[in-house]
Amino acid sequence: MTLVDPGDPGELAASVRSTFADRYGEPPTSLARAPGRVNLIGEHTDYNAGLVLPVALPHATYAAARPRADELVRLVSRQREETWEGTLGQLGPGSVEGWAGYAAGVVWALREAGYDVPGVDLLVDSRVPVGAGLSSSAALECSVGVALLDLAGTDPAEHRQQLVDACIRAETEVVGAPTGGMDQTVAVHGVAGAALLIDFESHETEAVPLDLARHTLLVTDTRVAHELTDGGYGSRRADCEEAVRELGVPTLRAATLEAVEALADDRVRRRARHVVTEIGRVRDTVANLGDGDWDEVGRIFDASHRSMRADFEISCPELDCAVAVAVQAGAVAARMTGGGFGGSTVAVVPDERVDAVMRAVDAAFVLEGFRSPVHLRAVPSAGAGLVPN
């Protein structure tokens, strides 16, 4: 079994500061962190003005920064060999490719929003698995954004929504990856010990306390790469937009299931049906979490996974296997999580069954000839912030 350790925050911070000083010759003046996330329920509902229920992970990205007297921007990642160097004037939509686009995009977006972001040396270090559907990109964006706001003389805690908006712009306009905003919102607004109910119609957030009562949130990364830029995400979003046009409603949040079932096109009907029923499942999950009714949460998770597999068509054999085997081995609830086409599953597992579930999933993947998965314990954690010296 491989369990991904989030690392000790103090040790990670010290290591990042030391590496920054070795790389740039001086210590950083600002260090920030932002978490990855796992979504308990509510897939592809954010861009449909719906509800989502994510949890911020203990696995985070750390960003160290130091201002420069010129307009140079230098970007380094401890996870990547390639670096990026350019000027503030070069930044903009489509100007930077690869991982650096997410960081450089935040520099551009914050400056576009009126913040006095200087030239900067940046170094990032991440414990969020890449391509796992756990929002490694938003963790990168938001950690960089917090550090940059600090360099600009602004208290990041007082500009959290502006930070979210800038990180969304970085991902959509600079990188060109469609995002509904859930990832950046929970990365910034996440609350320790709670899930975050986000309403994308009112744009309000509410902390939903998670009393796991001797249960563990277990994430399984299937190691099937999940990419938002490969077209699958965009095509699903386009189908939802087509349903909105045909139904004559402002968003699918306003659609009724009866109206959706009358849509003529089978594919568009199934996409819309998933969104409308998934929004209802988020509400039901919140209610049943409050009651501690794990049997009902299990039924809701199962219905969500079936909907994503059959109606939204974003599951894959590895995800289906991980979900089914987790339940067989003792999980009380399991479903795929994230944008789909790979990525991860999330399961609610009695503490005494966690090792058994991980072993069973690992064994099933060997039998099926899949890549070996890795696992994470998803302890509900706090959102982005500065790391004190």
# chains A, B, ... in the order shown; residues from 1 in each chain; ligands from 1
>>> residues_around(residues="Gln90 in chain A", least_positions_apart="2", cutoff="12 Å", atoms="only C-alpha atoms", output="PDB file with all heavy atoms, in the first residue's frame")
ATOM      1  N   GLU A  71      11.481  44.227 -13.397  1.00  0.00           N
ATOM      2  CA  GLU A  71      10.220  43.627 -13.806  1.00  0.00           C
ATOM      3  C   GLU A  71      10.360  42.146 -14.147  1.00  0.00           C
ATOM      4  O   GLU A  71       9.458  41.545 -14.745  1.00  0.00           O
ATOM      5  CB  GLU A  71       9.631  44.380 -14.998  1.00  0.00           C
ATOM      6  CG  GLU A  71       9.206  45.795 -14.668  1.00  0.00           C
ATOM      7  CD  GLU A  71       8.166  46.316 -15.638  1.00  0.00           C
ATOM      8  OE1 GLU A  71       8.056  45.748 -16.755  1.00  0.00           O
ATOM      9  OE2 GLU A  71       7.475  47.283 -15.280  1.00  0.00           O
ATOM     10  N   LEU A  72      11.472  41.543 -13.735  1.00  0.00           N
ATOM     11  CA  LEU A  72      11.694  40.138 -14.040  1.00  0.00           C
ATOM     12  C   LEU A  72      10.816  39.247 -13.153  1.00  0.00           C
ATOM     13  O   LEU A  72      10.598  39.534 -11.971  1.00  0.00           O
ATOM     14  CB  LEU A  72      13.164  39.796 -13.819  1.00  0.00           C
ATOM     15  CG  LEU A  72      13.679  38.483 -14.434  1.00  0.00           C
ATOM     16  CD1 LEU A  72      13.570  38.513 -15.947  1.00  0.00           C
ATOM     17  CD2 LEU A  72      15.134  38.245 -14.011  1.00  0.00           C
ATOM     18  N   VAL A  73      10.316  38.158 -13.746  1.00  0.00           N
ATOM     19  CA  VAL A  73       9.567  37.129 -13.021  1.00  0.00           C
ATOM     20  C   VAL A  73      10.293  35.811 -13.243  1.00  0.00           C
ATOM     21  O   VAL A  73      10.496  35.382 -14.387  1.00  0.00           O
ATOM     22  CB  VAL A  73       8.110  37.027 -13.520  1.00  0.00           C
ATOM     23  CG1 VAL A  73       7.384  35.879 -12.817  1.00  0.00           C
ATOM     24  CG2 VAL A  73       7.379  38.332 -13.301  1.00  0.00           C
ATOM     25  N   TRP A  84      10.842  28.879 -15.562  1.00  0.00           N
ATOM     26  CA  TRP A  84      10.358  29.919 -16.480  1.00  0.00           C
ATOM     27  C   TRP A  84      10.881  31.268 -16.035  1.00  0.00           C
ATOM     28  O   TRP A  84      10.957  31.560 -14.836  1.00  0.00           O
ATOM     29  CB  TRP A  84       8.837  29.953 -16.513  1.00  0.00           C
ATOM     30  CG  TRP A  84       8.303  30.869 -17.588  1.00  0.00           C
ATOM     31  CD1 TRP A  84       8.082  30.557 -18.895  1.00  0.00           C
ATOM     32  CD2 TRP A  84       7.959  32.262 -17.443  1.00  0.00           C
ATOM     33  NE1 TRP A  84       7.620  31.659 -19.577  1.00  0.00           N
ATOM     34  CE2 TRP A  84       7.534  32.719 -18.712  1.00  0.00           C
ATOM     35  CE3 TRP A  84       7.979  33.147 -16.367  1.00  0.00           C
ATOM     36  CZ2 TRP A  84       7.124  34.024 -18.931  1.00  0.00           C
ATOM     37  CZ3 TRP A  84       7.578  34.470 -16.585  1.00  0.00           C
ATOM     38  CH2 TRP A  84       7.151  34.891 -17.858  1.00  0.00           C
ATOM     39  N   GLU A  85      11.250  32.077 -16.995  1.00  0.00           N
ATOM     40  CA  GLU A  85      11.727  33.423 -16.715  1.00  0.00           C
ATOM     41  C   GLU A  85      11.209  34.362 -17.784  1.00  0.00           C
ATOM     42  O   GLU A  85      11.242  34.047 -18.979  1.00  0.00           O
ATOM     43  CB  GLU A  85      13.261  33.445 -16.673  1.00  0.00           C
ATOM     44  CG  GLU A  85      13.860  34.781 -16.284  1.00  0.00           C
ATOM     45  CD  GLU A  85      15.363  34.711 -16.116  1.00  0.00           C
ATOM     46  OE1 GLU A  85      15.835  33.779 -15.426  1.00  0.00           O
ATOM     47  OE2 GLU A  85      16.068  35.598 -16.666  1.00  0.00           O
ATOM     48  N   GLY A  86      10.677  35.491 -17.362  1.00  0.00           N
ATOM     49  CA  GLY A  86      10.165  36.490 -18.292  1.00  0.00           C
ATOM     50  C   GLY A  86       9.965  37.802 -17.561  1.00  0.00           C
ATOM     51  O   GLY A  86      10.456  37.994 -16.449  1.00  0.00           O
ATOM     52  N   THR A  87       9.230  38.706 -18.195  1.00  0.00           N
ATOM     53  CA  THR A  87       8.978  40.004 -17.575  1.00  0.00           C
ATOM     54  C   THR A  87       7.493  40.192 -17.336  1.00  0.00           C
ATOM     55  O   THR A  87       6.651  39.496 -17.927  1.00  0.00           O
ATOM     56  CB  THR A  87       9.490  41.150 -18.463  1.00  0.00           C
ATOM     57  OG1 THR A  87       8.741  41.158 -19.691  1.00  0.00           O
ATOM     58  CG2 THR A  87      10.980  40.985 -18.767  1.00  0.00           C
ATOM     59  N   LEU A  88       7.171  41.139 -16.466  1.00  0.00           N
ATOM     60  CA  LEU A  88       5.770  41.442 -16.184  1.00  0.00           C
ATOM     61  C   LEU A  88       5.017  41.803 -17.458  1.00  0.00           C
ATOM     62  O   LEU A  88       3.849  41.432 -17.635  1.00  0.00           O
ATOM     63  CB  LEU A  88       5.678  42.592 -15.177  1.00  0.00           C
ATOM     64  CG  LEU A  88       6.184  42.300 -13.759  1.00  0.00           C
ATOM     65  CD1 LEU A  88       6.205  43.579 -12.932  1.00  0.00           C
ATOM     66  CD2 LEU A  88       5.316  41.244 -13.086  1.00  0.00           C
ATOM     67  N   GLY A  92       0.204  37.378 -19.857  1.00  0.00           N
ATOM     68  CA  GLY A  92      -1.146  37.566 -20.384  1.00  0.00           C
ATOM     69  C   GLY A  92      -1.687  36.262 -20.907  1.00  0.00           C
ATOM     70  O   GLY A  92      -1.014  35.224 -20.863  1.00  0.00           O
ATOM     71  N   PRO A  93      -2.918  36.264 -21.410  1.00  0.00           N
ATOM     72  CA  PRO A  93      -3.530  35.035 -21.923  1.00  0.00           C
ATOM     73  C   PRO A  93      -2.665  34.345 -22.965  1.00  0.00           C
ATOM     74  O   PRO A  93      -2.200  34.963 -23.930  1.00  0.00           O
ATOM     75  CB  PRO A  93      -4.848  35.545 -22.527  1.00  0.00           C
ATOM     76  CG  PRO A  93      -5.190  36.750 -21.700  1.00  0.00           C
ATOM     77  CD  PRO A  93      -3.865  37.401 -21.417  1.00  0.00           C
ATOM     78  N   GLY A  94      -2.409  33.060 -22.743  1.00  0.00           N
ATOM     79  CA  GLY A  94      -1.648  32.251 -23.683  1.00  0.00           C
ATOM     80  C   GLY A  94      -0.170  32.529 -23.720  1.00  0.00           C
ATOM     81  O   GLY A  94       0.540  32.001 -24.585  1.00  0.00           O
ATOM     82  N   SER A  95       0.340  33.303 -22.758  1.00  0.00           N
ATOM     83  CA  SER A  95       1.747  33.728 -22.841  1.00  0.00           C
ATOM     84  C   SER A  95       2.713  32.730 -22.234  1.00  0.00           C
ATOM     85  O   SER A  95       3.903  32.749 -22.548  1.00  0.00           O
ATOM     86  CB  SER A  95       1.921  35.076 -22.143  1.00  0.00           C
ATOM     87  OG  SER A  95       1.583  34.976 -20.761  1.00  0.00           O
ATOM     88  N   VAL A  96       2.232  31.862 -21.343  1.00  0.00           N
ATOM     89  CA  VAL A  96       3.113  30.945 -20.633  1.00  0.00           C
ATOM     90  C   VAL A  96       2.518  29.541 -20.689  1.00  0.00           C
ATOM     91  O   VAL A  96       1.348  29.347 -20.357  1.00  0.00           O
ATOM     92  CB  VAL A  96       3.305  31.359 -19.156  1.00  0.00           C
ATOM     93  CG1 VAL A  96       4.336  30.455 -18.480  1.00  0.00           C
ATOM     94  CG2 VAL A  96       3.730  32.815 -19.051  1.00  0.00           C
ATOM     95  N   GLY A 101       2.361  28.451 -16.235  1.00  0.00           N
ATOM     96  CA  GLY A 101       1.240  29.308 -16.596  1.00  0.00           C
ATOM     97  C   GLY A 101       0.301  29.566 -15.431  1.00  0.00           C
ATOM     98  O   GLY A 101      -0.283  30.651 -15.317  1.00  0.00           O
ATOM     99  N   ALA A 104       2.375  32.169 -13.211  1.00  0.00           N
ATOM    100  CA  ALA A 104       2.512  33.445 -13.907  1.00  0.00           C
ATOM    101  C   ALA A 104       1.147  34.074 -14.170  1.00  0.00           C
ATOM    102  O   ALA A 104       1.003  35.301 -14.155  1.00  0.00           O
ATOM    103  CB  ALA A 104       3.263  33.231 -15.224  1.00  0.00           C
ATOM    104  N   GLY A 105       0.153  33.220 -14.393  1.00  0.00           N
ATOM    105  CA  GLY A 105      -1.197  33.731 -14.624  1.00  0.00           C
ATOM    106  C   GLY A 105      -1.740  34.488 -13.431  1.00  0.00           C
ATOM    107  O   GLY A 105      -2.479  35.471 -13.581  1.00  0.00           O
ATOM    108  N   VAL A 107       0.135  36.173 -11.252  1.00  0.00           N
ATOM    109  CA  VAL A 107       0.825  37.465 -11.272  1.00  0.00           C
ATOM    110  C   VAL A 107       0.067  38.431 -12.170  1.00  0.00           C
ATOM    111  O   VAL A 107      -0.248  39.571 -11.789  1.00  0.00           O
ATOM    112  CB  VAL A 107       2.284  37.316 -11.753  1.00  0.00           C
ATOM    113  CG1 VAL A 107       2.970  38.686 -11.821  1.00  0.00           C
ATOM    114  CG2 VAL A 107       3.068  36.368 -10.849  1.00  0.00           C
ATOM    115  N   TRP A 108      -0.247  37.968 -13.374  1.00  0.00           N
ATOM    116  CA  TRP A 108      -0.964  38.817 -14.346  1.00  0.00           C
ATOM    117  C   TRP A 108      -2.350  39.201 -13.836  1.00  0.00           C
ATOM    118  O   TRP A 108      -2.741  40.380 -13.893  1.00  0.00           O
ATOM    119  CB  TRP A 108      -1.082  38.057 -15.677  1.00  0.00           C
ATOM    120  CG  TRP A 108      -2.005  38.721 -16.664  1.00  0.00           C
ATOM    121  CD1 TRP A 108      -1.709  39.772 -17.482  1.00  0.00           C
ATOM    122  CD2 TRP A 108      -3.376  38.372 -16.903  1.00  0.00           C
ATOM    123  NE1 TRP A 108      -2.817  40.109 -18.226  1.00  0.00           N
ATOM    124  CE2 TRP A 108      -3.847  39.264 -17.899  1.00  0.00           C
ATOM    125  CE3 TRP A 108      -4.242  37.404 -16.407  1.00  0.00           C
ATOM    126  CZ2 TRP A 108      -5.155  39.220 -18.382  1.00  0.00           C
ATOM    127  CZ3 TRP A 108      -5.537  37.349 -16.880  1.00  0.00           C
ATOM    128  CH2 TRP A 108      -5.998  38.243 -17.865  1.00  0.00           C
ATOM    129  N   GLY A 119       7.957  42.696  -9.810  1.00  0.00           N
ATOM    130  CA  GLY A 119       8.742  41.580 -10.303  1.00  0.00           C
ATOM    131  C   GLY A 119       9.065  40.674  -9.124  1.00  0.00           C
ATOM    132  O   GLY A 119       9.166  41.137  -7.982  1.00  0.00           O
ATOM    133  N   VAL A 174      -5.340  32.557 -18.859  1.00  0.00           N
ATOM    134  CA  VAL A 174      -3.918  32.399 -19.179  1.00  0.00           C
ATOM    135  C   VAL A 174      -3.606  30.964 -19.585  1.00  0.00           C
ATOM    136  O   VAL A 174      -2.989  30.712 -20.621  1.00  0.00           O
ATOM    137  CB  VAL A 174      -3.040  32.841 -17.989  1.00  0.00           C
ATOM    138  CG1 VAL A 174      -1.563  32.582 -18.298  1.00  0.00           C
ATOM    139  CG2 VAL A 174      -3.255  34.318 -17.688  1.00  0.00           C
TER     140      VAL A 174
END
>>> residues_around(residues="Arg237 in chain A", least_positions_apart="3", cutoff="9 Å", atoms="only C-alpha atoms", output="PyMOL selection string")
chain A and resi 44+47-48+178+232-234+240-242+271
>>> residues_around(residues="range 344-359 of chain A", least_positions_apart="2", cutoff="6 Å", atoms="only C-alpha atoms", output="PDB file with N, CA, C and O atoms, in the first residue's frame")
ATOM      1  N   ALA A 132      -4.647  13.991 -10.313  1.00  0.00           N
ATOM      2  CA  ALA A 132      -5.478  13.085  -9.523  1.00  0.00           C
ATOM      3  C   ALA A 132      -6.886  13.608  -9.317  1.00  0.00           C
ATOM      4  O   ALA A 132      -7.683  12.990  -8.614  1.00  0.00           O
ATOM      5  N   ARG A 214     -15.561   8.136  14.096  1.00  0.00           N
ATOM      6  CA  ARG A 214     -14.742   6.924  13.909  1.00  0.00           C
ATOM      7  C   ARG A 214     -14.761   6.422  12.463  1.00  0.00           C
ATOM      8  O   ARG A 214     -14.672   5.230  12.202  1.00  0.00           O
ATOM      9  N   HIS A 215     -14.890   7.351  11.530  1.00  0.00           N
ATOM     10  CA  HIS A 215     -14.759   7.049  10.106  1.00  0.00           C
ATOM     11  C   HIS A 215     -13.636   7.900   9.520  1.00  0.00           C
ATOM     12  O   HIS A 215     -13.307   8.964  10.044  1.00  0.00           O
ATOM     13  N   THR A 216     -13.079   7.421   8.428  1.00  0.00           N
ATOM     14  CA  THR A 216     -12.016   8.123   7.713  1.00  0.00           C
ATOM     15  C   THR A 216     -12.466   8.431   6.298  1.00  0.00           C
ATOM     16  O   THR A 216     -13.099   7.590   5.640  1.00  0.00           O
ATOM     17  N   LEU A 217     -12.155   9.652   5.836  1.00  0.00           N
ATOM     18  CA  LEU A 217     -12.321   9.963   4.418  1.00  0.00           C
ATOM     19  C   LEU A 217     -11.068   9.464   3.702  1.00  0.00           C
ATOM     20  O   LEU A 217      -9.974   9.990   3.903  1.00  0.00           O
ATOM     21  N   LEU A 218     -11.241   8.449   2.888  1.00  0.00           N
ATOM     22  CA  LEU A 218     -10.115   7.839   2.185  1.00  0.00           C
ATOM     23  C   LEU A 218     -10.201   8.169   0.703  1.00  0.00           C
ATOM     24  O   LEU A 218     -11.198   7.868   0.046  1.00  0.00           O
ATOM     25  N   VAL A 219      -9.166   8.787   0.193  1.00  0.00           N
ATOM     26  CA  VAL A 219      -9.076   9.106  -1.228  1.00  0.00           C
ATOM     27  C   VAL A 219      -8.155   8.096  -1.895  1.00  0.00           C
ATOM     28  O   VAL A 219      -7.074   7.800  -1.384  1.00  0.00           O
ATOM     29  N   THR A 220      -8.581   7.568  -3.027  1.00  0.00           N
ATOM     30  CA  THR A 220      -7.747   6.667  -3.827  1.00  0.00           C
ATOM     31  C   THR A 220      -7.467   7.306  -5.173  1.00  0.00           C
ATOM     32  O   THR A 220      -8.404   7.577  -5.945  1.00  0.00           O
ATOM     33  N   ASP A 221      -6.216   7.597  -5.425  1.00  0.00           N
ATOM     34  CA  ASP A 221      -5.783   8.143  -6.716  1.00  0.00           C
ATOM     35  C   ASP A 221      -5.516   6.967  -7.652  1.00  0.00           C
ATOM     36  O   ASP A 221      -4.584   6.186  -7.435  1.00  0.00           O
ATOM     37  N   THR A 222      -6.347   6.836  -8.681  1.00  0.00           N
ATOM     38  CA  THR A 222      -6.199   5.716  -9.618  1.00  0.00           C
ATOM     39  C   THR A 222      -4.957   5.840 -10.489  1.00  0.00           C
ATOM     40  O   THR A 222      -4.574   4.895 -11.167  1.00  0.00           O
ATOM     41  N   ALA A 326     -14.020  -0.890  -2.811  1.00  0.00           N
ATOM     42  CA  ALA A 326     -14.025  -0.214  -1.517  1.00  0.00           C
ATOM     43  C   ALA A 326     -15.279  -0.573  -0.723  1.00  0.00           C
ATOM     44  O   ALA A 326     -15.210  -0.873   0.478  1.00  0.00           O
ATOM     45  N   ALA A 329     -15.215  -4.101   0.525  1.00  0.00           N
ATOM     46  CA  ALA A 329     -14.241  -4.311   1.604  1.00  0.00           C
ATOM     47  C   ALA A 329     -14.612  -3.594   2.895  1.00  0.00           C
ATOM     48  O   ALA A 329     -13.862  -3.672   3.869  1.00  0.00           O
ATOM     49  N   ALA A 331     -16.227  -0.075   3.068  1.00  0.00           N
ATOM     50  CA  ALA A 331     -16.569   1.350   3.030  1.00  0.00           C
ATOM     51  C   ALA A 331     -18.083   1.509   3.122  1.00  0.00           C
ATOM     52  O   ALA A 331     -18.832   0.737   2.516  1.00  0.00           O
ATOM     53  N   VAL A 332     -18.530   2.516   3.861  1.00  0.00           N
ATOM     54  CA  VAL A 332     -19.972   2.752   3.960  1.00  0.00           C
ATOM     55  C   VAL A 332     -20.469   3.629   2.825  1.00  0.00           C
ATOM     56  O   VAL A 332     -21.686   3.711   2.575  1.00  0.00           O
ATOM     57  N   ALA A 333     -19.554   4.295   2.123  1.00  0.00           N
ATOM     58  CA  ALA A 333     -19.929   5.138   0.986  1.00  0.00           C
ATOM     59  C   ALA A 333     -18.704   5.309   0.101  1.00  0.00           C
ATOM     60  O   ALA A 333     -17.580   5.400   0.607  1.00  0.00           O
ATOM     61  N   ALA A 334     -18.913   5.345  -1.217  1.00  0.00           N
ATOM     62  CA  ALA A 334     -17.795   5.553  -2.137  1.00  0.00           C
ATOM     63  C   ALA A 334     -18.332   6.066  -3.467  1.00  0.00           C
ATOM     64  O   ALA A 334     -19.430   5.696  -3.892  1.00  0.00           O
ATOM     65  N   ARG A 335     -17.537   6.907  -4.113  1.00  0.00           N
ATOM     66  CA  ARG A 335     -17.893   7.449  -5.432  1.00  0.00           C
ATOM     67  C   ARG A 335     -16.639   8.016  -6.064  1.00  0.00           C
ATOM     68  O   ARG A 335     -15.648   8.265  -5.382  1.00  0.00           O
ATOM     69  N   MET A 336     -16.695   8.191  -7.386  1.00  0.00           N
ATOM     70  CA  MET A 336     -15.624   8.940  -8.028  1.00  0.00           C
ATOM     71  C   MET A 336     -15.768  10.396  -7.640  1.00  0.00           C
ATOM     72  O   MET A 336     -16.840  10.868  -7.263  1.00  0.00           O
ATOM     73  N   THR A 337     -14.674  11.145  -7.702  1.00  0.00           N
ATOM     74  CA  THR A 337     -14.699  12.552  -7.325  1.00  0.00           C
ATOM     75  C   THR A 337     -13.894  13.358  -8.327  1.00  0.00           C
ATOM     76  O   THR A 337     -12.959  12.838  -8.946  1.00  0.00           O
ATOM     77  N   VAL A 361      -8.360  -2.775  -2.680  1.00  0.00           N
ATOM     78  CA  VAL A 361      -8.292  -2.001  -3.922  1.00  0.00           C
ATOM     79  C   VAL A 361      -6.973  -2.261  -4.637  1.00  0.00           C
ATOM     80  O   VAL A 361      -6.939  -2.469  -5.868  1.00  0.00           O
ATOM     81  N   ASP A 362      -5.877  -2.287  -3.896  1.00  0.00           N
ATOM     82  CA  ASP A 362      -4.572  -2.558  -4.510  1.00  0.00           C
ATOM     83  C   ASP A 362      -4.567  -3.921  -5.200  1.00  0.00           C
ATOM     84  O   ASP A 362      -4.069  -4.064  -6.332  1.00  0.00           O
TER      85      ASP A 362
END
>>> residues_around(residues="Gly369 in chain A", least_positions_apart="6", cutoff="12 Å", atoms="only C-alpha atoms", output="list of chain:residue names")
A:Pro317, A:Glu318, A:Cys321, A:Asp362, A:Ala363
>>> closest_residue(among="A:Val224, A:Val117, A:Ala63, A:Leu53", to="Ala207 in chain A", atoms="only C-alpha atoms")
A:Leu53
>>> select_by_dssp(residues="range 123-260 of chain A", states="helix (DSSP H, G or I)", output="PyMOL selection string")
chain A and resi 136-151+156-158+160-175+182-189+232-247+252-254+257-260
>>> closest_residue(among="A:Cys142, A:Val16, A:Ala264, A:Ala195", to="Ala56 in chain A", atoms="only C-alpha atoms")
A:Ala195
>>> residues_around(residues="Val275 in chain A", least_positions_apart="3", cutoff="9 Å", atoms="only C-alpha atoms", output="PyMOL selection string")
chain A and resi 42-45+48+50+240+252-253+270-272+278-280+312
>>> residues_around(residues="Val286 in chain A", least_positions_apart="5", cutoff="10 Å", atoms="only C-alpha atoms", output="mmCIF file with C-alpha atoms, in the first residue's frame")
data_model
loop_
_atom_site.group_PDB
_atom_site.id
_atom_site.type_symbol
_atom_site.label_atom_id
_atom_site.label_comp_id
_atom_site.auth_asym_id
_atom_site.auth_seq_id
_atom_site.Cartn_x
_atom_site.Cartn_y
_atom_site.Cartn_z
ATOM 1 C CA ILE A 41 -20.331 15.428 -3.780
ATOM 2 C CA LEU A 53 -19.500 20.110 -1.016
ATOM 3 C CA ALA A 195 -16.708 20.555 4.452
ATOM 4 C CA LEU A 197 -21.004 24.041 1.048
ATOM 5 C CA VAL A 208 -20.618 22.074 7.271
ATOM 6 C CA PRO A 209 -19.052 20.435 10.359
ATOM 7 C CA LEU A 210 -17.887 16.884 9.674
ATOM 8 C CA ARG A 281 -27.875 14.918 -3.879
ATOM 9 C CA ASP A 291 -27.943 13.216 11.145
ATOM 10 C CA GLY A 292 -24.957 10.857 11.000
ATOM 11 C CA VAL A 297 -24.941 8.806 2.608
#
>>> closest_residue(among="A:Glu158, A:Glu112, A:Asp125, A:Asp46", to="Arg78 in chain A", atoms="only C-alpha atoms")
A:Asp125
>>> select_by_dssp(residues="range 138-261 of chain A", states="strand (DSSP E)", output="CSV table (one decimal) with N, CA, C and O atoms, in the first residue's frame")
chain,number,residue,atom,x,y,z
A,194,ALA,N,-14.3,20.7,8.7
A,194,ALA,CA,-15.6,20.9,8.0
A,194,ALA,C,-15.5,20.7,6.5
A,194,ALA,O,-14.4,20.9,5.9
A,195,ALA,N,-16.6,20.4,5.9
A,195,ALA,CA,-16.7,20.6,4.5
A,195,ALA,C,-17.2,22.0,4.2
A,195,ALA,O,-17.7,22.7,5.1
A,196,LEU,N,-17.1,22.4,2.9
A,196,LEU,CA,-17.5,23.7,2.6
A,196,LEU,C,-18.7,23.6,1.5
A,196,LEU,O,-18.5,23.2,0.4
A,197,LEU,N,-19.9,24.0,2.0
A,197,LEU,CA,-21.0,24.0,1.0
A,197,LEU,C,-20.9,25.3,0.3
A,197,LEU,O,-21.0,26.4,0.9
A,198,ILE,N,-20.8,25.2,-1.0
A,198,ILE,CA,-20.7,26.4,-1.9
A,198,ILE,C,-21.9,26.5,-2.8
A,198,ILE,O,-22.2,25.5,-3.5
A,199,ASP,N,-22.6,27.6,-2.8
A,199,ASP,CA,-23.7,27.9,-3.6
A,199,ASP,C,-23.3,28.8,-4.8
A,199,ASP,O,-23.0,29.9,-4.6
A,204,GLU,N,-22.5,32.2,-2.0
A,204,GLU,CA,-22.3,32.1,-0.6
A,204,GLU,C,-21.6,30.8,-0.2
A,204,GLU,O,-21.8,29.8,-0.9
A,205,THR,N,-20.9,30.8,0.9
A,205,THR,CA,-20.2,29.5,1.4
A,205,THR,C,-20.7,29.3,2.8
A,205,THR,O,-21.0,30.3,3.6
A,206,GLU,N,-20.7,28.1,3.2
A,206,GLU,CA,-21.2,27.7,4.6
A,206,GLU,C,-20.3,26.5,5.0
A,206,GLU,O,-20.3,25.5,4.3
A,207,ALA,N,-19.7,26.6,6.2
A,207,ALA,CA,-19.0,25.5,6.7
A,207,ALA,C,-20.0,24.4,7.3
A,207,ALA,O,-20.9,24.8,8.0
A,208,VAL,N,-19.8,23.2,6.8
A,208,VAL,CA,-20.6,22.1,7.3
A,208,VAL,C,-19.8,21.2,8.1
A,208,VAL,O,-18.9,20.4,7.6
A,209,PRO,N,-19.9,21.2,9.5
A,209,PRO,CA,-19.1,20.4,10.4
A,209,PRO,C,-19.1,19.0,10.0
A,209,PRO,O,-20.2,18.4,9.7
A,215,HIS,N,-14.9,7.4,11.5
A,215,HIS,CA,-14.8,7.0,10.1
A,215,HIS,C,-13.6,7.9,9.5
A,215,HIS,O,-13.3,9.0,10.0
A,216,THR,N,-13.1,7.4,8.4
A,216,THR,CA,-12.0,8.1,7.7
A,216,THR,C,-12.5,8.4,6.3
A,216,THR,O,-13.1,7.6,5.6
A,217,LEU,N,-12.2,9.7,5.8
A,217,LEU,CA,-12.3,10.0,4.4
A,217,LEU,C,-11.1,9.5,3.7
A,217,LEU,O,-10.0,10.0,3.9
A,218,LEU,N,-11.2,8.4,2.9
A,218,LEU,CA,-10.1,7.8,2.2
A,218,LEU,C,-10.2,8.2,0.7
A,218,LEU,O,-11.2,7.9,0.0
A,219,VAL,N,-9.2,8.8,0.2
A,219,VAL,CA,-9.1,9.1,-1.2
A,219,VAL,C,-8.2,8.1,-1.9
A,219,VAL,O,-7.1,7.8,-1.4
A,220,THR,N,-8.6,7.6,-3.0
A,220,THR,CA,-7.7,6.7,-3.8
A,220,THR,C,-7.5,7.3,-5.2
A,220,THR,O,-8.4,7.6,-5.9
A,221,ASP,N,-6.2,7.6,-5.4
A,221,ASP,CA,-5.8,8.1,-6.7
A,221,ASP,C,-5.5,7.0,-7.7
A,221,ASP,O,-4.6,6.2,-7.4
>>> closest_residue(among="A:Gly114, A:Gly248, A:Gly10, A:Gly385", to="Ala139 in chain A", atoms="only C-alpha atoms")
A:Gly385
>>> closest_residue(among="A:Ala113, A:Val106, A:Ile168, A:Val387", to="Leu12 in chain A", atoms="only C-alpha atoms")
A:Val387
>>> closest_residue(among="A:Ala378, A:Leu148, A:Val276, A:Ala303", to="Leu51 in chain A", atoms="only C-alpha atoms")
A:Val276
>>> atom_distance(atom1="CA of Thr61 in chain A", atom2="CA of Leu140 in chain A")
5.8 Å
>>> atom_distance(atom1="CA of Asn39 in chain A", atom2="CA of Pro6 in chain A")
17.6 Å
>>> atom_distance(atom1="CA of Arg371 in chain A", atom2="CA of Glu82 in chain A")
26.2 Å
